[in-house]
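Structure file data02.tsv (TSV, C-alpha atoms) follows.
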chain	number	residue	atom	x	y	z
A	591	MET	CA	49.67	-1.42	-5.33
A	592	GLY	CA	49.09	-2.98	-1.91
A	593	GLU	CA	46.98	0.01	-0.85
A	594	GLU	CA	44.63	-0.40	-3.84
A	595	ALA	CA	44.07	-4.07	-3.03
A	596	SER	CA	43.30	-3.28	0.61
A	597	SER	CA	40.94	-0.40	-0.30
A	598	SER	CA	39.04	-2.51	-2.83
A	599	SER	CA	38.70	-5.29	-0.31
A	600	PHE	CA	37.47	-2.71	2.23
A	601	PHE	CA	34.67	-1.61	-0.13
A	602	LYS	CA	33.97	-5.16	-1.21
A	603	LYS	CA	33.73	-6.22	2.42
A	604	HIS	CA	31.27	-3.44	3.19
A	605	TRP	CA	29.26	-4.13	0.04
A	606	GLU	CA	28.95	-7.78	1.03
A	607	GLY	CA	27.80	-6.66	4.48
A	608	TYR	CA	25.09	-4.42	3.01
A	609	LYS	CA	24.07	-7.10	0.54
A	610	GLU	CA	23.77	-9.67	3.32
A	611	PHE	CA	21.83	-7.18	5.47
A	612	TRP	CA	19.22	-6.46	2.78
A	613	CYS	CA	18.98	-10.08	1.64
A	614	GLU	CA	18.18	-11.01	5.22
A	615	ARG	CA	15.49	-8.31	5.44
A	616	PHE	CA	13.84	-9.37	2.18
A	617	SER	CA	14.22	-13.12	2.59
A	618	PHE	CA	10.44	-13.54	2.44
A	619	LEU	CA	10.63	-12.94	-1.31
A	620	GLU	CA	12.33	-16.31	-1.73
A	621	ASN	CA	9.07	-17.99	-0.72
A	622	TYR	CA	7.30	-16.58	-3.77
A	623	SER	CA	10.15	-16.61	-6.30
A	624	ARG	CA	9.29	-20.01	-7.75
A	625	PHE	CA	5.76	-18.81	-8.48
A	626	ILE	CA	6.83	-15.44	-9.86
A	627	LYS	CA	9.81	-16.54	-11.97
A	628	ARG	CA	8.00	-19.17	-14.02
A	629	ASP	CA	8.21	-19.61	-17.78
A	630	GLN	CA	4.42	-19.70	-17.96
A	631	PRO	CA	2.57	-17.64	-15.33
A	632	LEU	CA	-0.02	-19.34	-13.17
A	633	PRO	CA	-3.56	-18.88	-14.45
A	634	SER	CA	-5.74	-16.56	-12.40
A	635	TRP	CA	-7.97	-18.09	-9.77
A	636	SER	CA	-11.43	-17.19	-8.54
A	637	SER	CA	-12.96	-16.88	-5.09
A	638	SER	CA	-14.51	-20.33	-5.48
A	639	ASP	CA	-11.02	-21.78	-5.98
A	640	VAL	CA	-9.83	-20.13	-2.79
A	641	GLU	CA	-12.90	-21.41	-0.92
A	642	GLU	CA	-12.19	-24.92	-2.25
A	643	PHE	CA	-8.64	-24.71	-0.87
A	644	ILE	CA	-9.89	-23.41	2.48
A	645	ALA	CA	-12.30	-26.35	2.73
A	646	SER	CA	-9.69	-28.90	1.67
A	647	ASP	CA	-6.79	-27.84	3.94
A	648	PRO	CA	-7.64	-27.99	7.67
A	649	VAL	CA	-4.27	-26.50	8.71
A	650	HIS	CA	-3.67	-23.61	6.31
A	651	GLY	CA	-7.25	-23.04	5.13
A	652	PRO	CA	-8.52	-21.18	8.22
A	653	THR	CA	-5.37	-19.05	8.28
A	654	LEU	CA	-5.86	-18.06	4.64
A	655	LYS	CA	-9.52	-17.30	5.31
A	656	THR	CA	-8.60	-15.03	8.24
A	657	ALA	CA	-5.97	-13.26	6.16
A	658	ARG	CA	-8.50	-12.65	3.39
A	659	GLU	CA	-10.99	-11.25	5.91
A	660	ALA	CA	-8.31	-8.91	7.26
A	661	VAL	CA	-8.01	-7.26	3.84
A	662	ASN	CA	-11.47	-5.75	4.35
A	663	PHE	CA	-10.14	-3.79	7.35
A	664	GLY	CA	-7.37	-2.36	5.18
A	665	LEU	CA	-9.77	-1.45	2.38
A	666	ALA	CA	-12.19	0.25	4.76
A	667	GLY	CA	-9.36	2.13	6.44
A	668	SER	CA	-7.97	3.19	3.09
A	669	LEU	CA	-11.32	4.50	1.92
A	670	ILE	CA	-11.99	6.38	5.16
A	671	GLY	CA	-8.48	7.82	5.29
A	672	ALA	CA	-8.45	8.90	1.66
A	673	VAL	CA	-11.85	10.59	1.66
A	674	SER	CA	-11.49	12.28	5.04
A	675	SER	CA	-7.99	13.65	4.44
A	676	ALA	CA	-8.86	14.86	0.94
A	677	GLY	CA	-12.02	16.48	2.30
A	678	VAL	CA	-10.10	18.33	5.01
A	679	ALA	CA	-7.43	19.43	2.53
A	680	TRP	CA	-10.06	20.68	0.09
A	681	LYS	CA	-12.00	22.49	2.82
A	682	TYR	CA	-9.01	24.44	4.07
A	683	SER	CA	-6.91	24.96	0.95
A	684	ARG	CA	-9.22	24.67	-2.08
A	685	SER	CA	-6.23	23.25	-3.89
A	686	LEU	CA	-6.84	20.37	-6.27
A	687	GLN	CA	-3.21	19.26	-6.02
A	688	GLY	CA	-3.31	19.34	-2.22
A	689	ALA	CA	-6.56	17.40	-2.11
A	690	GLY	CA	-5.18	14.82	-4.54
A	691	LEU	CA	-1.99	14.39	-2.57
A	692	SER	CA	-3.98	14.17	0.67
A	693	PHE	CA	-6.27	11.59	-0.94
A	694	PHE	CA	-3.26	9.41	-1.77
A	695	ALA	CA	-1.48	9.93	1.54
A	696	GLY	CA	-4.68	9.41	3.53
A	697	GLY	CA	-5.34	6.20	1.62
A	698	VAL	CA	-1.90	4.84	2.43
A	699	PHE	CA	-2.21	5.85	6.07
A	700	GLY	CA	-5.73	4.40	6.31
A	701	TRP	CA	-4.61	1.12	4.75
A	702	THR	CA	-1.77	0.84	7.26
A	703	PHE	CA	-3.98	1.76	10.21
A	704	GLY	CA	-6.73	-0.62	9.08
A	705	HIS	CA	-4.22	-3.42	8.67
A	706	GLU	CA	-2.93	-2.84	12.20
A	707	ILE	CA	-6.47	-2.97	13.57
A	708	ALA	CA	-7.02	-6.27	11.75
A	709	ASN	CA	-3.67	-7.57	12.96
A	710	HIS	CA	-4.65	-7.04	16.58
A	711	SER	CA	-8.37	-7.80	16.45
A	712	MET	CA	-7.94	-11.00	14.41
A	713	GLN	CA	-4.61	-11.85	16.07
A	714	LEU	CA	-2.82	-12.27	12.75
A	715	TYR	CA	0.49	-11.99	14.56
A	716	ARG	CA	-0.15	-15.51	15.90
A	717	LEU	CA	-0.73	-17.00	12.45
A	718	ASP	CA	1.73	-17.83	9.70
A	719	THR	CA	-0.14	-16.18	6.85
A	720	MET	CA	2.80	-16.40	4.47
A	721	ALA	CA	2.94	-20.20	4.83
A	722	ALA	CA	-0.79	-20.37	4.13
A	723	GLN	CA	-0.40	-18.26	1.00
A	724	VAL	CA	2.51	-20.39	-0.24
A	725	LYS	CA	0.51	-23.59	0.40
A	726	PHE	CA	-2.37	-22.13	-1.58
A	727	LEU	CA	-0.06	-21.27	-4.47
A	728	GLU	CA	1.41	-24.79	-4.40
A	729	TRP	CA	-2.11	-26.25	-4.37
A	730	TRP	CA	-3.19	-23.98	-7.22
A	731	GLU	CA	-0.07	-24.84	-9.23
A	732	LYS	CA	-0.85	-28.57	-8.93
A	733	LYS	CA	-4.53	-28.04	-9.74
A	734	ALA	CA	-3.74	-25.84	-12.75
A	735	GLU	CA	-1.36	-28.48	-14.10
A	736	GLY	CA	-4.04	-31.14	-13.63
A	737	GLN	CA	-2.24	-33.09	-10.91
A	738	SER	CA	-4.93	-32.91	-8.25
Starting from the coordinates I provided, produce the structure as structure tokens.
Amino acid sequence: MGEEASSSSFFKKHWEGYKEFWCERFSFLENYSRFIKRDQPLPSWSSSDVEEFIASDPVHGPTLKTAREAVNFGLAGSLIGAVSSAGVAWKYSRSLQGAGLSFFAGGVFGWTFGHEIANHSMQLYRLDTMAAQVKFLEWWEKKAEGQS
């Protein structure tokens, strides 16, 4: 009986360790949980709403603007990676499945590579883009509820 209690506590102890490990790695999700887990979802916003926030917030506005500009690097990289890898796969294999898989994999690789280029060229690593996004969501929540 004592062995069962010690073995269950051993597994429980390790489970708690793994749980703590992964909760620590994904702690950024807590920033967005109050916007995601709402009874009524936030209404969608337009580019003019984002531009209004950028103009109204001198601290987080420029950071959000830079983060939005960085997305273009990822999109361009994704497009280039997808088309070029699918083209090479089609040229050498003439397999539709291979070209499709290469299109997807090249798109993911291109997005990642483009994002890294943006990260270094725009120095996103110096900015707190998550805080800017959360401030925008708070601002949008207030505006949507008619408080601003």
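In this structure, CA of Arg716 in chain A sits 12.7 Å away from CA of Pro652 in chain A.
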List as a CSV table (one decimal) with C-alpha atoms, keeping the file's coordinate frame: which residues have an atom within 12 Å of (-10.0, -5.6, 5.5), counting only C-alpha atoms?
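Final output, selection13.csv:
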chain,number,residue,atom,x,y,z
A,655,LYS,CA,-9.5,-17.3,5.3
A,656,THR,CA,-8.6,-15.0,8.2
A,657,ALA,CA,-6.0,-13.3,6.2
A,658,ARG,CA,-8.5,-12.6,3.4
A,659,GLU,CA,-11.0,-11.2,5.9
A,660,ALA,CA,-8.3,-8.9,7.3
A,661,VAL,CA,-8.0,-7.3,3.8
A,662,ASN,CA,-11.5,-5.8,4.4
A,663,PHE,CA,-10.1,-3.8,7.4
A,664,GLY,CA,-7.4,-2.4,5.2
A,665,LEU,CA,-9.8,-1.4,2.4
A,666,ALA,CA,-12.2,0.2,4.8
A,667,GLY,CA,-9.4,2.1,6.4
A,668,SER,CA,-8.0,3.2,3.1
A,669,LEU,CA,-11.3,4.5,1.9
A,700,GLY,CA,-5.7,4.4,6.3
A,701,TRP,CA,-4.6,1.1,4.8
A,702,THR,CA,-1.8,0.8,7.3
A,703,PHE,CA,-4.0,1.8,10.2
A,704,GLY,CA,-6.7,-0.6,9.1
A,705,HIS,CA,-4.2,-3.4,8.7
A,706,GLU,CA,-2.9,-2.8,12.2
A,707,ILE,CA,-6.5,-3.0,13.6
A,708,ALA,CA,-7.0,-6.3,11.8
A,709,ASN,CA,-3.7,-7.6,13.0
A,711,SER,CA,-8.4,-7.8,16.4
A,712,MET,CA,-7.9,-11.0,14.4
Distance query Gly690 in chain A at most 12 Å, only C-alpha atoms, self and fewer than 3 positions along chain excluded, as a compact mmCIF listing (two decimals) with C-alpha atoms, keeping the file's coordinate frame:
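See result.txt below for the written result:
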# COMPACT_ATOMS: atom_id res chain seq x y z
CA ALA A 672 -8.45 8.90 1.66
CA VAL A 673 -11.85 10.59 1.66
CA SER A 674 -11.49 12.28 5.04
CA SER A 675 -7.99 13.65 4.44
CA ALA A 676 -8.86 14.86 0.94
CA GLY A 677 -12.02 16.48 2.30
CA VAL A 678 -10.10 18.33 5.01
CA ALA A 679 -7.43 19.43 2.53
CA TRP A 680 -10.06 20.68 0.09
CA SER A 683 -6.91 24.96 0.95
CA ARG A 684 -9.22 24.67 -2.08
CA SER A 685 -6.23 23.25 -3.89
CA LEU A 686 -6.84 20.37 -6.27
CA GLN A 687 -3.21 19.26 -6.02
CA PHE A 693 -6.27 11.59 -0.94
CA PHE A 694 -3.26 9.41 -1.77
CA ALA A 695 -1.48 9.93 1.54
CA GLY A 696 -4.68 9.41 3.53
CA GLY A 697 -5.34 6.20 1.62
Neighbours of range 612-619 of chain A within 12 Å (only C-alpha atoms; same-chain residues fewer than 6 positions away dropped), as an MDAnalysis selection string?
chainID A and resid 605:606 625:627 719:721 723:724
TODO: Tell me, in Å to one decimal, how far CA of Ser636 in chain A is from CA of Trp730 in chain A.
DONE: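 Between CA of Ser636 in chain A and CA of Trp730 in chain A the gap is 10.8 Å.
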Quick one: distance from CA of Arg624 in chain A to CA of Leu727 in chain A in Å, one decimal?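 Pair CA of Arg624 in chain A / CA of Leu727 in chain A returns 10.0 Å.
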- [ ] Go through A:Ser599, A:Gln713, A:Ser634, A:Ser623 and flag the residue nearest Thr653 in chain A, using all atoms listed in the file for the distances.
- [x]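 The shortest atom-to-atom distance to Thr653 in chain A comes from A:Gln713.
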Write out, as a tab-separated table, each residue of range 625-667 of chain A that has an atom at most 10 Å from range 731-736 of chain A, together with the closest pair of atoms and their distance in Å to one decimal, counting all atoms listed in the file, rows going by chain and rising number.
residue	atom	partner	partner_atom	distance
A:Phe625	CA	A:Glu731	CA	8.4
A:Pro631	CA	A:Glu731	CA	9.8
A:Leu632	CA	A:Glu731	CA	6.8
A:Pro633	CA	A:Ala734	CA	7.2
A:Ser634	CA	A:Ala734	CA	9.5
A:Trp635	CA	A:Ala734	CA	9.3
A:Asp639	CA	A:Lys733	CA	9.8
Because some atoms of range 675-686 of chain A are absent here, can you restore all heavy atoms and send them as a compact mmCIF listing (two decimals), in the frame of the given file?
# COMPACT_ATOMS: atom_id res chain seq x y z
N SER A 675 -9.14 12.74 4.58
CA SER A 675 -7.99 13.65 4.44
C SER A 675 -8.13 14.55 3.20
O SER A 675 -7.78 15.73 3.25
CB SER A 675 -6.67 12.88 4.40
OG SER A 675 -6.62 12.08 3.26
N ALA A 676 -8.65 14.02 2.12
CA ALA A 676 -8.86 14.86 0.94
C ALA A 676 -9.94 15.90 1.20
O ALA A 676 -9.82 17.05 0.76
CB ALA A 676 -9.25 14.00 -0.26
N GLY A 677 -10.97 15.52 1.96
CA GLY A 677 -12.02 16.48 2.30
C GLY A 677 -11.50 17.62 3.16
O GLY A 677 -11.83 18.79 2.93
N VAL A 678 -10.68 17.30 4.15
CA VAL A 678 -10.10 18.33 5.01
C VAL A 678 -9.17 19.23 4.20
O VAL A 678 -9.19 20.46 4.33
CB VAL A 678 -9.38 17.69 6.22
CG1 VAL A 678 -8.53 18.71 6.96
CG2 VAL A 678 -10.37 17.05 7.15
N ALA A 679 -8.34 18.62 3.35
CA ALA A 679 -7.43 19.43 2.53
C ALA A 679 -8.20 20.34 1.59
O ALA A 679 -7.84 21.51 1.40
CB ALA A 679 -6.50 18.51 1.73
N TRP A 680 -9.28 19.86 1.00
CA TRP A 680 -10.06 20.68 0.09
C TRP A 680 -10.77 21.80 0.85
O TRP A 680 -10.84 22.94 0.37
CB TRP A 680 -11.08 19.83 -0.66
CG TRP A 680 -11.90 20.61 -1.60
CD1 TRP A 680 -13.20 20.99 -1.45
CD2 TRP A 680 -11.48 21.16 -2.85
NE1 TRP A 680 -13.62 21.72 -2.52
CE2 TRP A 680 -12.57 21.84 -3.41
CE3 TRP A 680 -10.28 21.13 -3.56
CZ2 TRP A 680 -12.51 22.49 -4.62
CZ3 TRP A 680 -10.23 21.77 -4.78
CH2 TRP A 680 -11.31 22.44 -5.29
N LYS A 681 -11.28 21.49 2.04
CA LYS A 681 -12.00 22.49 2.82
C LYS A 681 -11.11 23.67 3.19
O LYS A 681 -11.54 24.82 3.12
CB LYS A 681 -12.55 21.85 4.10
CG LYS A 681 -13.29 22.81 4.99
CD LYS A 681 -13.79 22.11 6.24
CE LYS A 681 -14.47 23.12 7.16
NZ LYS A 681 -14.91 22.50 8.40
N TYR A 682 -9.88 23.38 3.57
CA TYR A 682 -9.01 24.44 4.07
C TYR A 682 -8.09 25.06 3.01
O TYR A 682 -7.61 26.17 3.20
CB TYR A 682 -8.19 23.95 5.26
CG TYR A 682 -9.05 23.71 6.47
CD1 TYR A 682 -9.32 22.43 6.89
CD2 TYR A 682 -9.63 24.78 7.15
CE1 TYR A 682 -10.14 22.21 8.00
CE2 TYR A 682 -10.44 24.58 8.24
CZ TYR A 682 -10.69 23.28 8.67
OH TYR A 682 -11.50 23.08 9.75
N SER A 683 -7.84 24.38 1.92
CA SER A 683 -6.91 24.96 0.95
C SER A 683 -7.54 25.25 -0.41
O SER A 683 -7.02 26.05 -1.16
CB SER A 683 -5.72 24.02 0.75
OG SER A 683 -6.11 22.87 0.04
N ARG A 684 -8.60 24.55 -0.76
CA ARG A 684 -9.22 24.67 -2.08
C ARG A 684 -8.20 24.44 -3.20
O ARG A 684 -8.26 25.04 -4.26
CB ARG A 684 -9.89 26.03 -2.28
CG ARG A 684 -11.02 26.31 -1.36
CD ARG A 684 -12.25 25.58 -1.80
NE ARG A 684 -13.35 25.97 -0.92
CZ ARG A 684 -14.37 25.20 -0.69
NH1 ARG A 684 -14.45 24.03 -1.26
NH2 ARG A 684 -15.32 25.59 0.11
N SER A 685 -7.26 23.58 -2.92
CA SER A 685 -6.23 23.25 -3.89
C SER A 685 -6.46 21.83 -4.39
O SER A 685 -6.49 20.88 -3.60
CB SER A 685 -4.85 23.36 -3.23
OG SER A 685 -3.88 22.74 -4.03
N LEU A 686 -6.62 21.70 -5.69
CA LEU A 686 -6.84 20.37 -6.27
C LEU A 686 -5.63 19.47 -6.07
O LEU A 686 -5.77 18.29 -5.76
CB LEU A 686 -7.18 20.50 -7.75
CG LEU A 686 -7.60 19.22 -8.46
CD1 LEU A 686 -8.84 18.64 -7.80
CD2 LEU A 686 -7.86 19.49 -9.92
